[in-house]
>>> print(open('run13.txt').read())   # compact mmCIF, C-alpha atoms
# COMPACT_ATOMS: atom_id res chain seq x y z
CA GLY A 260 76.67 142.26 120.60
CA THR A 261 76.71 140.26 117.36
CA GLN A 262 74.87 143.03 115.54
CA ALA A 263 77.33 145.63 116.82
CA ALA A 264 80.31 143.57 115.67
CA ILE A 265 78.80 142.99 112.23
CA ALA A 266 78.22 146.73 111.82
CA SER A 267 81.83 147.57 112.73
CA PRO A 268 84.57 148.35 110.19
CA PRO A 269 86.15 145.10 108.91
CA ASP A 270 89.66 146.18 109.88
CA GLY A 271 90.55 143.55 112.47
CA TYR A 272 90.18 145.90 115.42
CA THR A 273 86.62 144.87 116.28
CA VAL A 274 86.05 141.13 116.59
CA LEU A 275 83.33 138.95 118.03
CA PHE A 276 83.46 136.34 120.79
CA SER A 277 81.35 133.77 118.95
CA GLY A 278 80.08 130.33 119.83
CA SER A 279 77.18 127.97 120.36
CA ASN A 280 74.78 130.81 121.13
CA ASN A 281 75.22 132.12 117.58
CA ALA A 282 74.62 128.66 116.10
CA ILE A 283 71.43 128.26 118.13
CA SER A 284 70.16 131.83 117.68
CA ALA A 285 70.19 131.47 113.88
CA SER A 286 66.99 129.41 114.08
CA LEU A 287 65.79 130.28 117.60
CA TYR A 288 65.11 133.92 116.69
CA LYS A 289 62.75 134.30 113.75
CA HIS A 290 63.31 138.00 113.06
CA LEU A 291 67.04 138.65 113.31
CA THR A 292 68.30 141.65 111.35
CA PHE A 293 71.44 139.75 110.35
CA ASP A 294 72.55 136.34 109.14
CA PHE A 295 75.47 135.21 111.29
CA MET A 296 76.92 132.82 108.69
CA ARG A 297 76.61 135.39 105.91
CA ASP A 298 77.69 138.50 107.80
CA THR A 299 80.76 137.23 109.66
CA VAL A 300 83.99 135.42 108.82
CA PRO A 301 85.39 132.71 111.10
CA VAL A 302 88.76 133.47 112.68
CA ALA A 303 89.61 130.74 115.18
CA MET A 304 88.13 128.38 117.73
CA PHE A 305 89.25 128.63 121.35
CA THR A 306 87.77 125.74 123.30
CA GLU A 307 84.74 123.55 123.80
CA VAL A 308 83.09 122.31 126.98
CA PRO A 309 80.42 119.62 127.34
CA ASN A 310 77.37 119.76 129.54
CA LEU A 311 76.70 117.11 132.16
CA MET A 312 73.43 115.23 132.56
CA VAL A 313 72.65 115.01 136.28
CA VAL A 314 69.54 113.72 138.05
CA ALA A 315 68.10 114.04 141.53
CA ASN A 316 69.38 111.41 143.95
CA ALA A 317 65.74 110.45 144.53
CA MET A 318 65.51 109.20 140.93
CA PRO A 319 65.77 105.37 140.84
CA VAL A 320 68.29 105.40 137.97
CA LYS A 321 72.07 105.17 137.83
CA THR A 322 72.76 105.05 134.10
CA VAL A 323 71.57 106.78 130.94
CA GLN A 324 69.84 103.58 129.79
CA GLU A 325 68.06 103.21 133.12
CA PHE A 326 66.91 106.81 132.83
CA ILE A 327 65.56 106.26 129.31
CA ASP A 328 63.74 103.12 130.43
CA TYR A 329 62.29 104.90 133.47
CA CYS A 330 61.23 107.89 131.39
CA LYS A 331 59.44 105.71 128.85
CA ALA A 332 57.72 103.79 131.63
CA ASN A 333 56.56 107.10 133.14
CA PRO A 334 55.69 109.34 130.17
CA GLY A 335 55.04 112.97 131.04
CA LYS A 336 56.12 112.53 134.66
CA ILE A 337 59.72 113.69 134.19
CA ALA A 338 60.61 117.40 134.19
CA PHE A 339 63.96 118.85 133.23
CA ALA A 340 65.30 122.23 134.30
CA SER A 341 67.25 124.67 132.14
CA ALA A 342 69.05 127.97 132.48
CA GLY A 343 66.42 129.53 130.20
CA ASN A 344 64.81 129.09 126.79
CA GLY A 345 67.33 128.54 124.01
CA THR A 346 70.37 128.09 126.24
CA THR A 347 72.72 125.19 125.60
CA VAL A 348 71.46 123.71 128.88
CA HIS A 349 67.95 123.71 127.40
CA MET A 350 68.87 122.62 123.90
CA SER A 351 71.03 119.72 125.10
CA ALA A 352 67.96 118.27 126.79
CA GLU A 353 65.77 118.89 123.75
CA TYR A 354 68.35 117.09 121.61
CA PHE A 355 68.27 114.18 124.07
CA LYS A 356 64.46 114.14 123.83
CA ALA A 357 64.62 114.09 120.04
CA MET A 358 67.08 111.21 119.91
CA THR A 359 65.54 109.04 122.64
CA LYS A 360 61.82 109.87 122.22
CA CYS A 361 61.62 110.52 125.97
CA ASP A 362 58.53 112.48 127.00
CA MET A 363 59.78 115.21 129.36
CA LEU A 364 58.51 118.63 130.45
CA HIS A 365 60.79 121.66 130.14
CA VAL A 366 60.95 123.99 133.15
CA PRO A 367 63.03 127.10 132.36
CA TYR A 368 64.75 129.06 135.14
CA ARG A 369 66.61 132.36 135.19
CA GLY A 370 69.97 130.64 135.20
CA SER A 371 71.32 127.31 136.38
CA ALA A 372 72.06 128.64 139.86
CA LEU A 373 68.31 128.89 140.49
CA ALA A 374 67.56 125.58 138.80
CA MET A 375 70.02 123.32 140.61
CA PRO A 376 68.38 123.52 144.08
CA ASP A 377 65.13 122.23 142.56
CA VAL A 378 66.97 119.35 140.92
CA ILE A 379 68.61 118.51 144.24
CA SER A 380 65.21 118.50 145.96
CA ASN A 381 63.61 116.53 143.08
CA LYS A 382 61.08 119.25 142.23
CA VAL A 383 62.47 118.74 138.75
CA GLN A 384 64.25 115.53 137.96
CA LEU A 385 67.25 116.49 135.85
CA ILE A 386 69.33 119.15 134.16
CA PHE A 387 71.99 119.16 131.43
CA ASP A 388 74.11 121.76 133.21
CA ASN A 389 77.50 123.24 132.39
CA LEU A 390 80.22 120.76 133.29
CA PRO A 391 82.12 122.65 136.05
CA THR A 392 79.02 123.42 138.13
CA ALA A 393 77.29 120.09 137.59
CA ALA A 394 80.45 118.05 138.21
CA ALA A 395 81.05 119.86 141.49
CA GLN A 396 77.49 119.12 142.65
CA ALA A 397 77.82 115.48 141.61
CA LYS A 398 81.19 115.11 143.33
CA GLY A 399 79.68 116.57 146.50
CA GLY A 400 76.85 114.03 146.35
CA SER A 401 74.02 116.53 145.85
CA VAL A 402 73.02 115.00 142.50
CA ARG A 403 73.91 111.94 140.44
CA ALA A 404 75.86 112.30 137.18
CA LEU A 405 74.73 110.04 134.35
CA GLY A 406 76.66 111.20 131.30
CA VAL A 407 78.61 113.93 129.53
CA THR A 408 77.27 115.42 126.30
CA SER A 409 80.57 115.10 124.39
CA ALA A 410 80.99 112.44 121.72
CA LYS A 411 83.48 110.60 123.94
CA ARG A 412 84.38 110.61 127.62
CA TRP A 413 85.81 113.95 128.70
CA PRO A 414 89.36 114.33 130.09
CA SER A 415 88.36 116.13 133.29
CA VAL A 416 85.70 113.54 134.24
CA PRO A 417 86.95 110.28 132.69
CA ASP A 418 84.87 108.08 135.01
CA ILE A 419 81.58 109.51 133.72
CA PRO A 420 80.32 107.81 130.52
CA ALA A 421 79.49 109.78 127.41
CA ILE A 422 75.76 109.78 126.66
CA ALA A 423 76.80 108.70 123.16
CA GLU A 424 77.85 105.34 124.61
CA THR A 425 74.13 104.70 125.09
CA VAL A 426 72.67 107.05 122.45
CA PRO A 427 74.95 106.72 119.40
CA GLY A 428 75.60 110.01 117.65
CA PHE A 429 74.58 112.22 120.57
CA GLU A 430 76.88 115.22 120.98
CA ALA A 431 76.04 118.63 122.39
CA THR A 432 79.16 120.53 123.38
CA VAL A 433 79.46 124.28 123.93
CA PHE A 434 82.08 125.90 121.71
CA TYR A 435 83.77 129.30 121.87
CA GLY A 436 85.83 131.14 119.32
CA MET A 437 86.42 134.37 117.42
CA SER A 438 84.65 135.74 114.36
CA ALA A 439 85.05 139.04 112.53
CA PRO A 440 82.83 141.27 110.39
CA LYS A 441 82.35 140.17 106.80
CA GLY A 442 84.97 141.74 104.55
CA THR A 443 87.80 141.53 107.05
CA PRO A 444 90.92 140.99 104.87
CA PRO A 445 92.18 137.38 104.75
CA GLU A 446 95.67 138.46 105.82
CA ILE A 447 94.24 139.96 109.03
CA VAL A 448 92.20 136.81 109.69
CA ALA A 449 95.33 134.72 109.13
CA THR A 450 97.37 136.87 111.52
CA LEU A 451 94.75 136.60 114.25
CA ASN A 452 94.36 132.85 113.71
CA LYS A 453 98.10 132.24 113.97
CA ALA A 454 98.37 134.27 117.18
CA ILE A 455 95.38 132.53 118.78
CA ASN A 456 96.58 129.03 117.92
CA GLU A 457 99.97 129.89 119.38
CA VAL A 458 98.37 131.08 122.63
CA LEU A 459 96.33 127.86 122.83
CA LYS A 460 99.63 126.02 123.41
CA ASP A 461 100.39 128.04 126.57
CA PRO A 462 100.45 125.62 129.55
CA LYS A 463 98.85 128.25 131.79
CA LEU A 464 95.93 128.67 129.40
CA VAL A 465 95.58 124.91 128.96
CA ALA A 466 95.46 124.57 132.75
CA ARG A 467 92.88 127.35 133.04
CA PHE A 468 90.70 125.71 130.40
CA ALA A 469 90.96 122.43 132.34
CA GLU A 470 89.65 124.19 135.46
CA ILE A 471 86.43 125.05 133.63
CA GLY A 472 86.22 121.65 131.95
CA GLY A 473 87.45 122.78 128.54
CA VAL A 474 90.17 121.69 126.15
CA PRO A 475 91.95 123.85 123.54
CA GLN A 476 90.62 123.46 120.00
CA PRO A 477 93.07 125.04 117.55
CA MET A 478 91.60 125.26 114.06
CA THR A 479 92.15 127.05 110.78
CA PRO A 480 89.54 129.68 109.87
CA GLU A 481 88.12 127.23 107.33
CA GLU A 482 87.80 124.46 109.93
CA TYR A 483 86.10 126.80 112.38
CA GLY A 484 83.71 127.91 109.65
CA LYS A 485 82.76 124.30 108.90
CA HIS A 486 82.24 123.67 112.62
CA ILE A 487 79.92 126.67 112.93
CA ALA A 488 77.96 125.56 109.85
CA ALA A 489 77.55 122.01 111.16
CA GLU A 490 76.47 123.21 114.59
CA THR A 491 74.02 125.73 113.08
CA GLU A 492 72.36 122.99 111.04
CA LYS A 493 72.24 120.56 113.98
CA TRP A 494 70.59 123.08 116.29
CA ARG A 495 68.16 124.16 113.55
CA LYS A 496 66.80 120.62 113.51
CA VAL A 497 66.57 120.54 117.32
CA VAL A 498 64.81 123.94 117.46
CA GLU A 499 62.29 122.74 114.87
CA PHE A 500 61.74 119.47 116.76
CA ALA A 501 61.19 121.31 120.04
CA GLY A 502 59.10 124.08 118.50
CA VAL A 503 61.10 126.64 120.44
CA SER A 504 61.10 130.36 119.69
CA VAL A 505 61.95 133.38 121.83
CA ASP A 506 60.33 135.99 119.54
>>> encode(input="run13.txt", output="structure tokens")
Amino acid sequence: GTQAAIASPPDGYTVLFSGSNNAISASLYKHLTFDFMRDTVPVAMFTEVPNLMVVANAMPVKTVQEFIDYCKANPGKIAFASAGNGTTVHMSAEYFKAMTKCDMLHVPYRGSALAMPDVISNKVQLIFDNLPTAAAQAKGGSVRALGVTSAKRWPSVPDIPAIAETVPGFEATVFYGMSAPKGTPPEIVATLNKAINEVLKDPKLVARFAEIGGVPQPMTPEEYGKHIAAETEKWRKVVEFAGVSVD
């Protein structure tokens, strides 16, 4: 999809739904035929949503610190599930590993829907799943929520601590926005940005974002570009630490 958008005329009529996947893919794939940062221009950011760290109820931990202590006391005995190699669910856990030095085994699944039952049954001990799904499971008592991956507590789940409260600097949110092919005229980018930021004020859209655990993130094109660059660099370091590649 990204390649198709990049190859399209830069006239504002073909745009790209961009986000965390593009920031991760830049280093995850070793033989891409394009450079996302070079070949696109940022238009606007829509929203961001954190993941939620949940563990099996059978795990004898109730906080992020207790989990870290348990993991270090039982090296190599903890397995975490993901929605697949290179997904934000996977990379959030790898980032946690890098920052805490926890020794955990990655078990990829074909989507979170297949992974969650094995977390519930303690076949794997945890998952950093998308907030709406994980929060619903935690609220129902199937799993135990330990922390959100946002820098601070998240509005839709204010009672759940941010992992950063225990691991300073930890942040692994999923962002979504719009990019356009390189060469798209600045006046077209400005028009699109203005329209998007206006829509982000719509109470109905704000409410819909809240349902999926997101909050509006209006930005200028320049701000969105800086966000993409920072996220691309952050995930490059995590991919290198984890030694992950899907080629």
>>> residues_around(input="run13.txt", residues="stretch 469-475 of chain A", least_positions_apart="5", cutoff="7 Å", atoms="all atoms listed in the file", output="list in words")
Phe305, Thr306, Glu307, Val308, Leu390, Pro391, Ser415 and Leu459 of chain A
>>> closest_residue(input="run13.txt", among="A:Phe295, A:Tyr329, A:Phe339, A:Tyr483", to="A:Gln384", atoms="all atoms listed in the file")
A:Phe339
>>> residues_around(input="run13.txt", residues="A:Val383", least_positions_apart="5", cutoff="6 Å", atoms="all atoms listed in the file", output="list in words")
Ala338, Phe339, Asp377 and Val378 of chain A
>>> write_last_selection(input="run13.txt", atoms="C-alpha atoms", output="CSV table (one decimal), in the coordinates of the input")
chain,number,residue,atom,x,y,z
A,338,ALA,CA,60.6,117.4,134.2
A,339,PHE,CA,64.0,118.8,133.2
A,377,ASP,CA,65.1,122.2,142.6
A,378,VAL,CA,67.0,119.4,140.9
>>> residues_around(input="run13.txt", residues="A:Lys411", least_positions_apart="2", cutoff="10 Å", atoms="all atoms listed in the file", output="PDB file with C-alpha atoms, in the coordinates of the input")
ATOM      1  CA  VAL A 407      78.610 113.930 129.530  1.00  0.00           C
ATOM      2  CA  THR A 408      77.270 115.420 126.300  1.00  0.00           C
ATOM      3  CA  SER A 409      80.570 115.100 124.390  1.00  0.00           C
ATOM      4  CA  TRP A 413      85.810 113.950 128.700  1.00  0.00           C
ATOM      5  CA  PRO A 414      89.360 114.330 130.090  1.00  0.00           C
ATOM      6  CA  PRO A 417      86.950 110.280 132.690  1.00  0.00           C
ATOM      7  CA  PRO A 420      80.320 107.810 130.520  1.00  0.00           C
ATOM      8  CA  ALA A 421      79.490 109.780 127.410  1.00  0.00           C
ATOM      9  CA  ILE A 422      75.760 109.780 126.660  1.00  0.00           C
ATOM     10  CA  ALA A 423      76.800 108.700 123.160  1.00  0.00           C
ATOM     11  CA  GLU A 424      77.850 105.340 124.610  1.00  0.00           C
ATOM     12  CA  PHE A 429      74.580 112.220 120.570  1.00  0.00           C
ATOM     13  CA  GLU A 430      76.880 115.220 120.980  1.00  0.00           C
TER      14      GLU A 430
END
>>> residues_around(input="run13.txt", residues="A:Asp328", least_positions_apart="5", cutoff="12 Å", atoms="only C-alpha atoms", output="NGL selection string")
:A and (319-323 or 333-334 or 337 or 359-362 or 425)
>>> residues_near_point(input="run13.txt", point="(78.1, 133.2, 112.0)", cutoff="9 Å", atoms="all atoms listed in the file", output="PyMOL selection string")
chain A and resi 261+277-278+281-282+285+294-301+438+484+487-488+491
>>> atom_distance(input="run13.txt", atom1="atom CA of A:Ser341", atom2="atom CA of A:Tyr368")
5.9 Å
>>> atom_distance(input="run13.txt", atom1="atom CA of A:Arg412", atom2="atom CA of A:Leu311")
11.0 Å
>>> closest_residue(input="run13.txt", among="A:Asn310, A:Asn316, A:Asn344, A:Ser267", to="A:Gly400", atoms="only C-alpha atoms")
A:Asn316
>>> atom_distance(input="run13.txt", atom1="atom CA of A:Pro367", atom2="atom CA of A:Ala352")
11.5 Å
>>> closest_residue(input="run13.txt", among="A:Pro480, A:Pro376, A:Pro444, A:Pro309", to="A:Ala394", atoms="only C-alpha atoms")
A:Pro309
>>> residues_around(input="run13.txt", residues="A:Gly343", least_positions_apart="2", cutoff="10 Å", atoms="only C-alpha atoms", output="short mmCIF file (atom, residue, chain, number, x, y, z; two decimals) with C-alpha atoms, in the frame of the given file")
data_model
loop_
_atom_site.label_atom_id
_atom_site.label_comp_id
_atom_site.auth_asym_id
_atom_site.auth_seq_id
_atom_site.Cartn_x
_atom_site.Cartn_y
_atom_site.Cartn_z
CA ALA A 340 65.30 122.23 134.30
CA SER A 341 67.25 124.67 132.14
CA GLY A 345 67.33 128.54 124.01
CA THR A 346 70.37 128.09 126.24
CA THR A 347 72.72 125.19 125.60
CA VAL A 348 71.46 123.71 128.88
CA HIS A 349 67.95 123.71 127.40
CA MET A 350 68.87 122.62 123.90
CA HIS A 365 60.79 121.66 130.14
CA VAL A 366 60.95 123.99 133.15
CA PRO A 367 63.03 127.10 132.36
CA TYR A 368 64.75 129.06 135.14
CA ARG A 369 66.61 132.36 135.19
CA GLY A 370 69.97 130.64 135.20
CA SER A 371 71.32 127.31 136.38
CA ALA A 374 67.56 125.58 138.80
#
>>> decode(input="run13.txt", residues="stretch 435-472 of chain A", atoms="C-alpha atoms", output="short mmCIF file (atom, residue, chain, number, x, y, z; two decimals), in the first residue's frame")
data_model
loop_
_atom_site.label_atom_id
_atom_site.label_comp_id
_atom_site.auth_asym_id
_atom_site.auth_seq_id
_atom_site.Cartn_x
_atom_site.Cartn_y
_atom_site.Cartn_z
CA TYR A 435 -2.16 6.96 12.93
CA GLY A 436 -2.14 9.78 10.44
CA MET A 437 -1.99 10.83 6.80
CA SER A 438 0.99 11.14 4.48
CA ALA A 439 1.19 11.98 0.79
CA PRO A 440 3.59 11.23 -2.07
CA LYS A 441 6.76 13.29 -2.17
CA GLY A 442 6.27 16.40 -4.28
CA THR A 443 2.70 17.04 -3.21
CA PRO A 444 2.38 20.87 -3.29
CA PRO A 445 2.59 22.56 0.14
CA GLU A 446 -0.72 24.35 -0.43
CA ILE A 447 -2.48 21.00 -0.90
CA VAL A 448 -0.83 19.60 2.23
CA ALA A 449 -1.90 22.72 4.14
CA THR A 450 -5.50 22.39 2.91
CA LEU A 451 -5.69 18.74 3.94
CA ASN A 452 -4.08 19.46 7.32
CA LYS A 453 -6.52 22.26 8.10
CA ALA A 454 -9.53 20.10 7.19
CA ILE A 455 -8.29 17.14 9.25
CA ASN A 456 -7.54 19.22 12.34
CA GLU A 457 -11.01 20.74 12.09
CA VAL A 458 -12.61 17.29 11.93
CA LEU A 459 -10.60 16.19 14.98
CA LYS A 460 -12.68 18.67 17.02
CA ASP A 461 -15.95 16.92 16.11
CA PRO A 462 -17.51 15.55 19.35
CA LYS A 463 -18.76 12.47 17.50
CA LEU A 464 -15.26 11.65 16.27
CA VAL A 465 -13.75 12.34 19.68
CA ALA A 466 -16.30 9.95 21.19
CA ARG A 467 -15.55 7.30 18.57
CA PHE A 468 -11.82 7.58 19.23
CA ALA A 469 -12.54 7.16 22.95
CA GLU A 470 -14.38 3.91 22.22
CA ILE A 471 -11.21 2.44 20.73
CA GLY A 472 -8.99 3.94 23.42
#
